[in-house]
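Asks: This is input01.cif, which holds mmCIF, C-alpha atoms:
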```
data_upload
loop_
_atom_site.label_atom_id
_atom_site.label_comp_id
_atom_site.auth_asym_id
_atom_site.auth_seq_id
_atom_site.Cartn_x
_atom_site.Cartn_y
_atom_site.Cartn_z
CA MET A 463 6.73 34.32 11.65
CA MET A 464 7.02 31.04 9.77
CA ASP A 465 5.42 30.94 6.32
CA LEU A 466 2.86 28.12 6.29
CA ASN A 467 3.89 27.26 2.72
CA LEU A 468 7.40 26.54 4.01
CA LEU A 469 5.95 24.15 6.59
CA ARG A 470 4.06 22.38 3.78
CA VAL A 471 7.34 21.89 1.94
CA LEU A 472 9.10 20.69 5.09
CA ASP A 473 6.28 18.25 5.80
CA ALA A 474 6.50 16.89 2.24
CA LEU A 475 10.28 16.51 2.50
CA PHE A 476 9.88 14.50 5.70
CA ALA A 477 7.37 12.23 3.95
CA HIS A 478 9.17 11.73 0.62
CA ARG A 479 12.87 12.34 1.38
CA SER A 480 13.48 13.91 -2.03
CA VAL A 481 12.92 17.26 -3.71
CA SER A 482 11.26 15.63 -6.72
CA GLY A 483 8.94 13.52 -4.55
CA ALA A 484 7.94 16.53 -2.46
CA ALA A 485 7.30 18.55 -5.62
CA ARG A 486 5.00 15.86 -7.03
CA ALA A 487 3.08 15.60 -3.76
CA LEU A 488 2.64 19.37 -3.54
CA GLY A 489 1.80 19.81 -7.22
CA THR A 490 4.66 22.24 -7.74
CA THR A 491 8.08 22.30 -9.43
CA GLN A 492 11.43 20.99 -8.20
CA PRO A 493 13.01 24.48 -8.40
CA GLY A 494 10.16 25.78 -6.23
CA VAL A 495 10.82 23.15 -3.57
CA SER A 496 14.57 23.78 -3.77
CA LEU A 497 13.99 27.51 -3.22
CA ALA A 498 11.75 26.79 -0.23
CA LEU A 499 14.39 24.45 1.21
CA ARG A 500 17.02 27.20 0.94
CA ARG A 501 14.68 29.54 2.85
CA LEU A 502 14.11 26.87 5.49
CA ARG A 503 17.83 26.31 5.87
CA ALA A 504 18.33 30.04 6.38
CA GLN A 505 15.43 30.18 8.84
CA PHE A 506 16.80 27.34 11.02
CA GLU A 507 20.50 27.93 10.28
CA ASP A 508 20.94 24.25 9.49
CA GLU A 509 21.17 22.03 6.39
CA LEU A 510 18.01 20.16 7.54
CA PHE A 511 18.45 17.46 4.87
CA VAL A 512 21.67 15.96 3.53
CA ARG A 513 21.95 13.62 0.56
CA GLN A 514 22.73 9.99 1.33
CA GLY A 515 22.63 7.84 -1.79
CA ASN A 516 19.30 8.47 -3.54
CA GLU A 517 17.64 9.82 -0.40
CA MET A 518 17.69 13.08 1.54
CA VAL A 519 18.25 12.25 5.20
CA PRO A 520 17.14 14.68 7.94
CA THR A 521 19.76 16.18 10.22
CA LEU A 522 19.40 16.11 14.00
CA VAL A 523 17.82 19.57 13.90
CA ALA A 524 15.31 18.39 11.30
CA GLU A 525 14.51 15.26 13.29
CA ARG A 526 13.53 17.44 16.26
CA LEU A 527 11.24 19.42 13.96
CA ALA A 528 9.52 16.41 12.38
CA GLU A 529 6.85 15.71 14.99
CA PRO A 530 5.78 19.34 15.64
CA VAL A 531 5.64 20.06 11.90
CA MET A 532 3.46 17.00 11.27
CA LYS A 533 1.15 18.00 14.14
CA VAL A 534 0.76 21.53 12.76
CA MET A 535 0.04 20.28 9.23
CA ALA A 536 -2.36 17.62 10.46
CA SER A 537 -4.25 20.29 12.41
CA VAL A 538 -4.43 22.47 9.30
CA ARG A 539 -5.82 19.57 7.27
CA SER A 540 -8.31 18.34 9.86
CA ASP A 541 -9.40 21.57 11.55
CA ILE A 542 -9.09 24.27 8.89
CA MET A 543 -9.33 22.65 5.45
CA ILE A 544 -12.29 20.59 6.65
CA ALA A 545 -14.40 23.73 6.37
CA ALA A 546 -14.11 23.61 2.58
CA PRO A 547 -16.79 21.43 0.93
CA PHE A 548 -15.75 18.63 -1.43
CA ASP A 549 -17.22 18.80 -4.93
CA PRO A 550 -16.15 15.58 -6.71
CA PRO A 551 -16.91 16.60 -10.34
CA HIS A 552 -14.88 19.83 -9.99
CA SER A 553 -12.19 18.84 -7.48
CA ASN A 554 -8.53 18.51 -8.43
CA ARG A 555 -7.50 17.08 -5.08
CA CYS A 556 -4.72 14.47 -4.94
CA PHE A 557 -5.41 11.56 -2.57
CA THR A 558 -2.44 9.57 -1.31
CA LEU A 559 -3.24 5.87 -0.91
CA ALA A 560 -1.02 3.31 0.79
CA LEU A 561 -1.02 0.10 -1.25
CA SER A 562 1.23 -2.90 -1.70
CA ASP A 563 1.97 -4.11 -5.23
CA LEU A 564 -0.86 -6.64 -4.81
CA GLY A 565 -3.06 -3.89 -3.43
CA GLU A 566 -2.53 -1.86 -6.58
CA LEU A 567 -3.46 -4.86 -8.72
CA THR A 568 -6.54 -5.50 -6.58
CA PHE A 569 -7.99 -2.04 -6.02
CA LEU A 570 -6.69 0.48 -8.53
CA PRO A 571 -8.32 -0.68 -11.81
CA ASP A 572 -11.88 -0.33 -10.48
CA LEU A 573 -11.13 2.69 -8.32
CA ILE A 574 -9.44 4.68 -11.10
CA ALA A 575 -12.28 3.84 -13.49
CA ALA A 576 -14.84 5.11 -10.97
CA LEU A 577 -12.84 8.29 -10.33
CA ARG A 578 -12.59 9.05 -14.05
CA GLU A 579 -16.38 8.85 -14.25
CA ARG A 580 -17.34 10.69 -11.05
CA ALA A 581 -14.37 12.95 -10.26
CA PRO A 582 -12.27 13.33 -13.42
CA GLY A 583 -10.00 15.98 -11.91
CA VAL A 584 -9.09 13.95 -8.83
CA GLN A 585 -5.62 12.43 -8.78
CA VAL A 586 -4.29 9.40 -6.92
CA ARG A 587 -0.78 8.87 -5.61
CA SER A 588 0.13 5.35 -4.50
CA VAL A 589 2.82 4.71 -1.88
CA ASN A 590 4.12 1.42 -0.45
CA LEU A 591 5.26 1.90 3.15
CA PRO A 592 6.30 -0.46 5.95
CA PRO A 593 3.85 -0.51 8.89
CA ALA A 594 5.72 1.98 11.12
CA GLU A 595 6.03 4.57 8.33
CA LEU A 596 2.44 3.97 7.27
CA ARG A 597 1.18 4.63 10.78
CA GLN A 598 3.19 7.86 10.85
CA GLY A 599 1.91 8.85 7.41
CA LEU A 600 -1.73 8.34 8.40
CA ALA A 601 -1.23 10.26 11.66
CA GLY A 602 0.63 13.11 9.97
CA GLY A 603 -1.77 13.41 7.05
CA SER A 604 0.70 12.53 4.26
CA VAL A 605 -1.37 9.36 3.64
CA ASP A 606 -5.14 9.70 3.28
CA LEU A 607 -6.15 6.06 3.21
CA ALA A 608 -4.57 2.60 3.40
CA LEU A 609 -6.11 -0.25 1.42
CA GLY A 610 -5.36 -3.94 1.87
CA PHE A 611 -3.96 -5.83 4.82
CA VAL A 612 -1.26 -4.53 7.15
CA LEU A 613 -0.34 -6.67 10.13
CA GLY A 614 -0.42 -4.82 13.45
CA LEU A 615 -1.81 -1.57 12.03
CA ASP A 616 -4.39 -0.78 14.69
CA GLY A 617 -4.90 1.53 17.63
CA GLU A 618 -7.40 3.93 19.15
CA SER A 619 -6.61 6.66 16.60
CA LEU A 620 -7.19 4.40 13.58
CA PHE A 621 -10.47 3.32 11.97
CA THR A 622 -10.78 0.13 9.93
CA GLN A 623 -13.51 -1.22 7.69
CA THR A 624 -13.27 -4.77 6.38
CA LEU A 625 -14.19 -4.96 2.70
CA PHE A 626 -13.75 -8.68 1.93
CA ARG A 627 -11.55 -11.65 2.88
CA GLN A 628 -9.08 -13.80 1.01
CA GLY A 629 -7.59 -17.22 1.71
CA PHE A 630 -4.55 -18.82 0.04
CA GLY A 631 -3.84 -21.38 -2.65
CA CYS A 632 -0.90 -22.89 -4.49
CA LEU A 633 0.28 -21.66 -7.89
CA VAL A 634 1.91 -24.23 -10.23
CA ARG A 635 2.79 -24.41 -13.92
CA GLU A 636 0.58 -26.19 -16.45
CA GLY A 637 1.52 -29.85 -16.43
CA TRP A 638 3.06 -29.71 -12.98
CA GLY A 639 3.02 -33.06 -11.17
CA ASN A 640 2.07 -34.89 -14.39
CA GLY A 641 -1.13 -32.88 -14.54
CA ALA A 642 -2.15 -33.47 -10.94
CA THR A 643 -5.33 -31.66 -9.93
CA VAL A 644 -4.70 -32.05 -6.20
CA MET A 645 -1.82 -30.70 -4.12
CA THR A 646 -1.11 -33.33 -1.47
CA LEU A 647 0.81 -32.55 1.69
CA ASP A 648 3.69 -34.73 0.46
CA HIS A 649 3.78 -32.79 -2.83
CA PHE A 650 3.74 -29.50 -0.97
CA LEU A 651 6.60 -30.41 1.37
CA ALA A 652 8.73 -31.95 -1.38
CA ALA A 653 8.36 -29.09 -3.86
CA ASP A 654 10.73 -26.18 -4.41
CA HIS A 655 9.03 -22.98 -3.24
CA VAL A 656 9.13 -19.30 -4.16
CA VAL A 657 8.36 -17.24 -1.06
CA VAL A 658 7.41 -13.58 -1.14
CA GLU A 659 8.58 -11.72 1.98
CA GLN A 660 6.88 -8.39 2.69
CA GLN A 661 6.89 -6.89 6.16
CA GLY A 662 3.46 -6.76 7.74
CA ARG A 663 1.59 -8.16 4.73
CA SER A 664 -0.58 -11.27 4.25
CA GLN A 665 2.36 -13.55 3.45
CA GLU A 666 3.71 -12.94 6.95
CA VAL A 667 0.47 -14.35 8.39
CA LEU A 668 0.82 -17.41 6.17
CA GLU A 669 4.42 -18.03 7.25
CA ARG A 670 3.40 -17.84 10.92
CA HIS A 671 0.59 -20.30 10.25
CA LEU A 672 2.94 -22.80 8.59
CA ARG A 673 5.31 -22.60 11.55
CA LYS A 674 2.38 -23.16 13.91
CA LEU A 675 1.44 -26.29 11.92
CA GLY A 676 5.05 -27.47 12.07
CA LEU A 677 5.36 -27.56 8.26
CA HIS A 678 8.83 -26.99 6.82
CA ARG A 679 9.05 -26.56 3.03
CA ARG A 680 12.10 -26.25 0.84
CA THR A 681 12.48 -22.61 -0.18
CA VAL A 682 14.77 -21.91 -3.15
CA LEU A 683 13.93 -18.23 -3.63
CA ARG A 684 12.86 -15.44 -1.30
CA SER A 685 11.85 -12.14 -2.85
CA PRO A 686 10.01 -8.98 -1.72
CA HIS A 687 8.14 -8.79 -5.05
CA PHE A 688 5.04 -10.58 -6.32
CA ILE A 689 5.46 -9.29 -9.87
CA THR A 690 8.02 -11.97 -10.85
CA VAL A 691 6.15 -14.90 -9.32
CA PRO A 692 4.00 -15.97 -12.33
CA LEU A 693 6.94 -16.02 -14.76
CA LEU A 694 9.20 -17.87 -12.31
CA VAL A 695 6.58 -20.52 -11.58
CA ALA A 696 5.46 -20.90 -15.21
CA GLY A 697 9.03 -21.66 -16.29
CA SER A 698 9.94 -24.18 -13.59
CA ASP A 699 8.67 -26.83 -11.19
CA MET A 700 8.67 -24.31 -8.34
CA VAL A 701 5.40 -23.52 -6.58
CA ALA A 702 4.20 -20.38 -4.81
CA THR A 703 1.54 -19.98 -2.12
CA VAL A 704 -0.36 -16.76 -2.77
CA PRO A 705 -3.73 -15.14 -1.93
CA LEU A 706 -6.66 -16.69 -3.80
CA GLY A 707 -7.66 -13.69 -5.86
CA VAL A 708 -4.11 -13.02 -6.99
CA GLY A 709 -3.56 -16.64 -7.96
CA ARG A 710 -6.66 -16.67 -10.13
CA ILE A 711 -5.54 -13.50 -11.90
CA TYR A 712 -2.09 -15.01 -12.52
CA THR A 713 -3.66 -18.02 -14.24
CA ARG A 714 -5.02 -15.60 -16.85
CA LEU A 715 -1.62 -14.01 -17.43
CA ALA A 716 0.58 -17.12 -17.79
CA PRO A 717 0.23 -20.91 -18.33
CA LEU A 718 -0.48 -21.62 -14.68
CA ARG A 719 -2.91 -23.55 -12.52
CA PHE A 720 -4.16 -22.74 -9.04
CA LEU A 721 -4.59 -25.65 -6.63
CA PRO A 722 -6.19 -25.77 -3.18
CA LEU A 723 -3.75 -26.25 -0.32
CA PRO A 724 -3.76 -29.57 1.58
CA PHE A 725 -4.39 -27.81 4.90
CA GLU A 726 -6.56 -25.02 6.28
CA THR A 727 -5.19 -21.48 6.08
CA PRO A 728 -6.38 -18.26 7.72
CA GLU A 729 -8.49 -15.82 5.75
CA ILE A 730 -7.00 -12.36 5.50
CA PRO A 731 -9.27 -9.30 5.90
CA LEU A 732 -8.78 -6.72 3.16
CA GLN A 733 -9.61 -3.36 4.71
CA GLN A 734 -9.60 0.38 4.31
CA ILE A 735 -7.79 2.11 7.18
CA TRP A 736 -7.76 5.80 8.08
CA HIS A 737 -6.78 8.07 10.95
CA ARG A 738 -9.18 9.98 13.16
CA ARG A 739 -7.66 13.24 11.84
CA SER A 740 -9.30 12.61 8.46
CA HIS A 741 -12.43 10.96 9.84
CA ASN A 742 -14.65 14.03 9.28
CA ASP A 743 -12.91 15.48 6.23
CA PRO A 744 -15.55 15.71 3.44
CA GLY A 745 -13.15 14.57 0.69
CA SER A 746 -11.93 11.61 2.72
CA ILE A 747 -15.50 10.65 3.62
CA TRP A 748 -16.45 10.70 -0.07
CA LEU A 749 -13.46 8.54 -1.01
CA ARG A 750 -14.15 5.99 1.72
CA ARG A 751 -17.78 5.72 0.68
CA LEU A 752 -16.70 5.15 -2.92
CA VAL A 753 -14.26 2.42 -1.84
CA ALA A 754 -16.98 0.74 0.23
CA GLU A 755 -19.42 0.94 -2.68
CA LEU A 756 -16.92 -0.67 -5.04
CA PHE A 757 -15.46 -3.39 -2.82
CA MET A 758 -17.69 -4.13 0.18
CA GLY A 759 -18.33 -7.90 0.05
CA ARG A 760 -16.73 -8.13 -3.39
CA ASP A 761 -13.23 -9.37 -4.20
CA PRO A 762 -12.51 -7.70 -7.57
CA MET A 763 -9.79 -10.27 -8.34
CA LEU A 764 -12.51 -12.89 -8.73
CA ASP A 765 -14.37 -10.85 -11.35
CA PRO A 766 -14.26 -12.81 -14.64
CA LYS A 767 -14.17 -9.50 -16.53
CA ARG A 768 -10.69 -8.81 -15.14
CA SER A 769 -8.00 -9.78 -17.63
#
```
Please rewrite the model in this file as structure tokens.
Replies:
Amino acid sequence: MMDLNLLRVLDALFAHRSVSGAARALGTTQPGVSLALRRLRAQFEDELFVRQGNEMVPTLVAERLAEPVMKVMASVRSDIMIAAPFDPPHSNRCFTLALSDLGELTFLPDLIAALRERAPGVQVRSVNLPPAELRQGLAGGSVDLALGFVLGLDGESLFTQTLFRQGFGCLVREGWGNGATVMTLDHFLAADHVVVEQQGRSQEVLERHLRKLGLHRRTVLRSPHFITVPLLVAGSDMVATVPLGVGRIYTRLAPLRFLPLPFETPEIPLQQIWHRRSHNDPGSIWLRRLVAELFMGRDPMLDPKRS
């Protein structure tokens, strides 16, 4: 008979690909996870995970186990643990949220503040996953809720609720264009651009829209990170096209201005996304209601109290 605790460890190792990451997710110690992994290796007579750089990569035997293990653990979470009520003031549950770096900046300040007031023992773990891994995480139960925008993340097993929408604008340094207050199409096409490339995120929608319009800008830097954008733009004549709320926040952090674009851009729906397996889980229901209460129809990045 397989010990269910060993399956929990195996499930966490599949999700996090490290002993330390699995230990954090399970709320236990690294030696405890290492001991469980030794028992699993003995049980299956296989290494299961081998180190490759900074990651533990599953063997062929482990890969065959991945789907059945995730199904078992998802059933435990959705069919067995659901029977336990959720008591926010006394819960010490850890919710795993899928967020991009912009998603963290957008959602976490208000959400963490609300949790500290209403459920002080509840913990949050934030993960940033590409769409395919995020879909798997939601289906397997290693991710409770996704917040933000993820291109192509839909399907009959997923629920979505749109919270608010964001368009785009152009971020420039103070004094850019001799103090111009308007970004003309000629200015936009002639400028040097910083482009953030993140798979499945809002910037991908923008890039598709520019190609559809037949607009070709001069890109001098491509990066997967938004965090460096304000400093790069503030110290140069480069410009960056970013979501509206983010651009307005950046103008408070550095000597920057935010200009409307000289063409129409699509508005991106910021959503909360969850899998049907957690649809009736009392804790997940409570969390989704809290998120809706905080953000439905309200872009927190436009709040003047944000600094």
Asks: Go through range 624-652 of chain A and flag each residue having an atom no more than 8 Å from range 715-733 of chain A; for those, report the closest pair of atoms plus their distance in Å to one decimal, using all atoms listed in the file, ordered by chain and rising number, as a tab-separated table.
Replies:
```
residue	atom	partner	partner_atom	distance
A:Thr624	CA	A:Gln733	CA	4.3
A:Leu625	CA	A:Gln733	CA	5.3
A:Phe626	CA	A:Leu732	CA	5.5
A:Arg627	CA	A:Pro731	CA	4.5
A:Gln628	CA	A:Ile730	CA	5.2
A:Gly629	CA	A:Glu729	CA	4.4
A:Phe630	CA	A:Thr727	CA	6.6
A:Gly631	CA	A:Pro722	CA	5.0
A:Cys632	CA	A:Leu721	CA	5.1
A:Leu633	CA	A:Phe720	CA	4.7
A:Val634	CA	A:Arg719	CA	5.4
A:Arg635	CA	A:Leu718	CA	4.4
A:Glu636	CA	A:Leu718	CA	5.0
A:Thr643	CA	A:Leu721	CA	6.9
A:Val644	CA	A:Leu721	CA	6.4
A:Met645	CA	A:Pro724	CA	6.1
A:Thr646	CA	A:Pro724	CA	5.5
A:Leu647	CA	A:Pro724	CA	5.5
A:Phe650	CA	A:Pro724	CA	7.9
```
Asks: Between CA of Leu567 in chain A and CA of Pro744 in chain A, what is the spacing in Å?
Replies: 26.8 Å
Asks: At a cut-off of 10 Å, using all atoms listed in the file, what residues contact range 569-576 of chain A? Leave out same-chain residues fewer than 5 positions from it and give the result as a VMD selection string.
Replies: chain A and resid 559 561 564 581 to 582 584 to 586 588 609 to 610 749 752 to 753 756 to 757 761 to 763 768
Asks: Could the residues in this selection be saved with C-alpha atoms as a tab-separated table (two decimals), in the coordinates of the input?
Replies:
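Written out: again_7.tsv:
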```tsv
chain	number	residue	atom	x	y	z
A	559	LEU	CA	-3.24	5.87	-0.91
A	561	LEU	CA	-1.02	0.10	-1.25
A	564	LEU	CA	-0.86	-6.64	-4.81
A	581	ALA	CA	-14.37	12.95	-10.26
A	582	PRO	CA	-12.27	13.33	-13.42
A	584	VAL	CA	-9.09	13.95	-8.83
A	585	GLN	CA	-5.62	12.43	-8.78
A	586	VAL	CA	-4.29	9.40	-6.92
A	588	SER	CA	0.13	5.35	-4.50
A	609	LEU	CA	-6.11	-0.25	1.42
A	610	GLY	CA	-5.36	-3.94	1.87
A	749	LEU	CA	-13.46	8.54	-1.01
A	752	LEU	CA	-16.70	5.15	-2.92
A	753	VAL	CA	-14.26	2.42	-1.84
A	756	LEU	CA	-16.92	-0.67	-5.04
A	757	PHE	CA	-15.46	-3.39	-2.82
A	761	ASP	CA	-13.23	-9.37	-4.20
A	762	PRO	CA	-12.51	-7.70	-7.57
A	763	MET	CA	-9.79	-10.27	-8.34
A	768	ARG	CA	-10.69	-8.81	-15.14
```
Asks: On this structure, which residues satisfy the PyMOL selection byres ((chain A and resi 664) around 8), written as a list of chain:residue names?
Replies: A:Phe611, A:Val612, A:Leu613, A:Gly662, A:Arg663, A:Gln665, A:Glu666, A:Val667, A:Leu668, A:Pro705, A:Ile730
Asks: Apply the PyMOL selection byres ((chain A and resi 598-608) around 8) to the file shown and report the selected residues as an mmCIF file with C-alpha atoms, keeping the file's coordinate frame.
Replies:
```cif
data_model
loop_
_atom_site.group_PDB
_atom_site.id
_atom_site.type_symbol
_atom_site.label_atom_id
_atom_site.label_comp_id
_atom_site.auth_asym_id
_atom_site.auth_seq_id
_atom_site.Cartn_x
_atom_site.Cartn_y
_atom_site.Cartn_z
ATOM 1 C CA ALA A 474 6.500 16.890 2.240
ATOM 2 C CA ALA A 477 7.370 12.230 3.950
ATOM 3 C CA MET A 532 3.460 17.000 11.270
ATOM 4 C CA LYS A 533 1.150 18.000 14.140
ATOM 5 C CA MET A 535 0.040 20.280 9.230
ATOM 6 C CA ALA A 536 -2.360 17.620 10.460
ATOM 7 C CA ARG A 539 -5.820 19.570 7.270
ATOM 8 C CA PHE A 557 -5.410 11.560 -2.570
ATOM 9 C CA THR A 558 -2.440 9.570 -1.310
ATOM 10 C CA LEU A 559 -3.240 5.870 -0.910
ATOM 11 C CA ALA A 560 -1.020 3.310 0.790
ATOM 12 C CA LEU A 561 -1.020 0.100 -1.250
ATOM 13 C CA ALA A 594 5.720 1.980 11.120
ATOM 14 C CA GLU A 595 6.030 4.570 8.330
ATOM 15 C CA LEU A 596 2.440 3.970 7.270
ATOM 16 C CA ARG A 597 1.180 4.630 10.780
ATOM 17 C CA LEU A 609 -6.110 -0.250 1.420
ATOM 18 C CA GLY A 610 -5.360 -3.940 1.870
ATOM 19 C CA GLN A 733 -9.610 -3.360 4.710
ATOM 20 C CA GLN A 734 -9.600 0.380 4.310
ATOM 21 C CA ILE A 735 -7.790 2.110 7.180
ATOM 22 C CA TRP A 736 -7.760 5.800 8.080
ATOM 23 C CA HIS A 737 -6.780 8.070 10.950
ATOM 24 C CA ARG A 739 -7.660 13.240 11.840
ATOM 25 C CA SER A 740 -9.300 12.610 8.460
ATOM 26 C CA SER A 746 -11.930 11.610 2.720
#
```
Asks: The PyMOL selection byres ((chain A and resi 677) around 12) on the file shown: which residues, as a PyMOL selection string?
Replies: chain A and resi 647-648+650-652+668-676+678-680+724-725
Asks: Could you tell me how far CA of Val657 in chain A sits from CA of Asn590 in chain A, in Å to one decimal place?
Replies: 19.1 Å
Asks: Restricting the calculation to all atoms listed in the file: of A:Ser480, A:Ser562, A:Thr490, A:Ser698, which residue gets closest to Arg513 in chain A?
Replies: A:Ser480
Asks: Do you have the CA of Gly565 in chain A-CA of His552 in chain A distance handy?
Replies: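 Separation of CA of Gly565 in chain A and CA of His552 in chain A: 27.3 Å.
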Asks: List the spatial neighbours of Leu475 in chain A as a ChimeraX atom specification - criterion: any atom at most 12 Å away, all atoms listed in the file, same-chain residues fewer than 2 positions off excluded.
Replies: /A:468-473,477-488,492,495-496,498-499,502,510-512,517-520,524-525,527-528,531-532,604
Asks: Find the residue from A:Pro592, A:Gln623, A:Gly709, A:Arg587 that sits nearest to Met758 in chain A; use only C-alpha atoms when measuring.
Replies: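 The shortest atom-to-atom distance to Met758 in chain A comes from A:Gln623.
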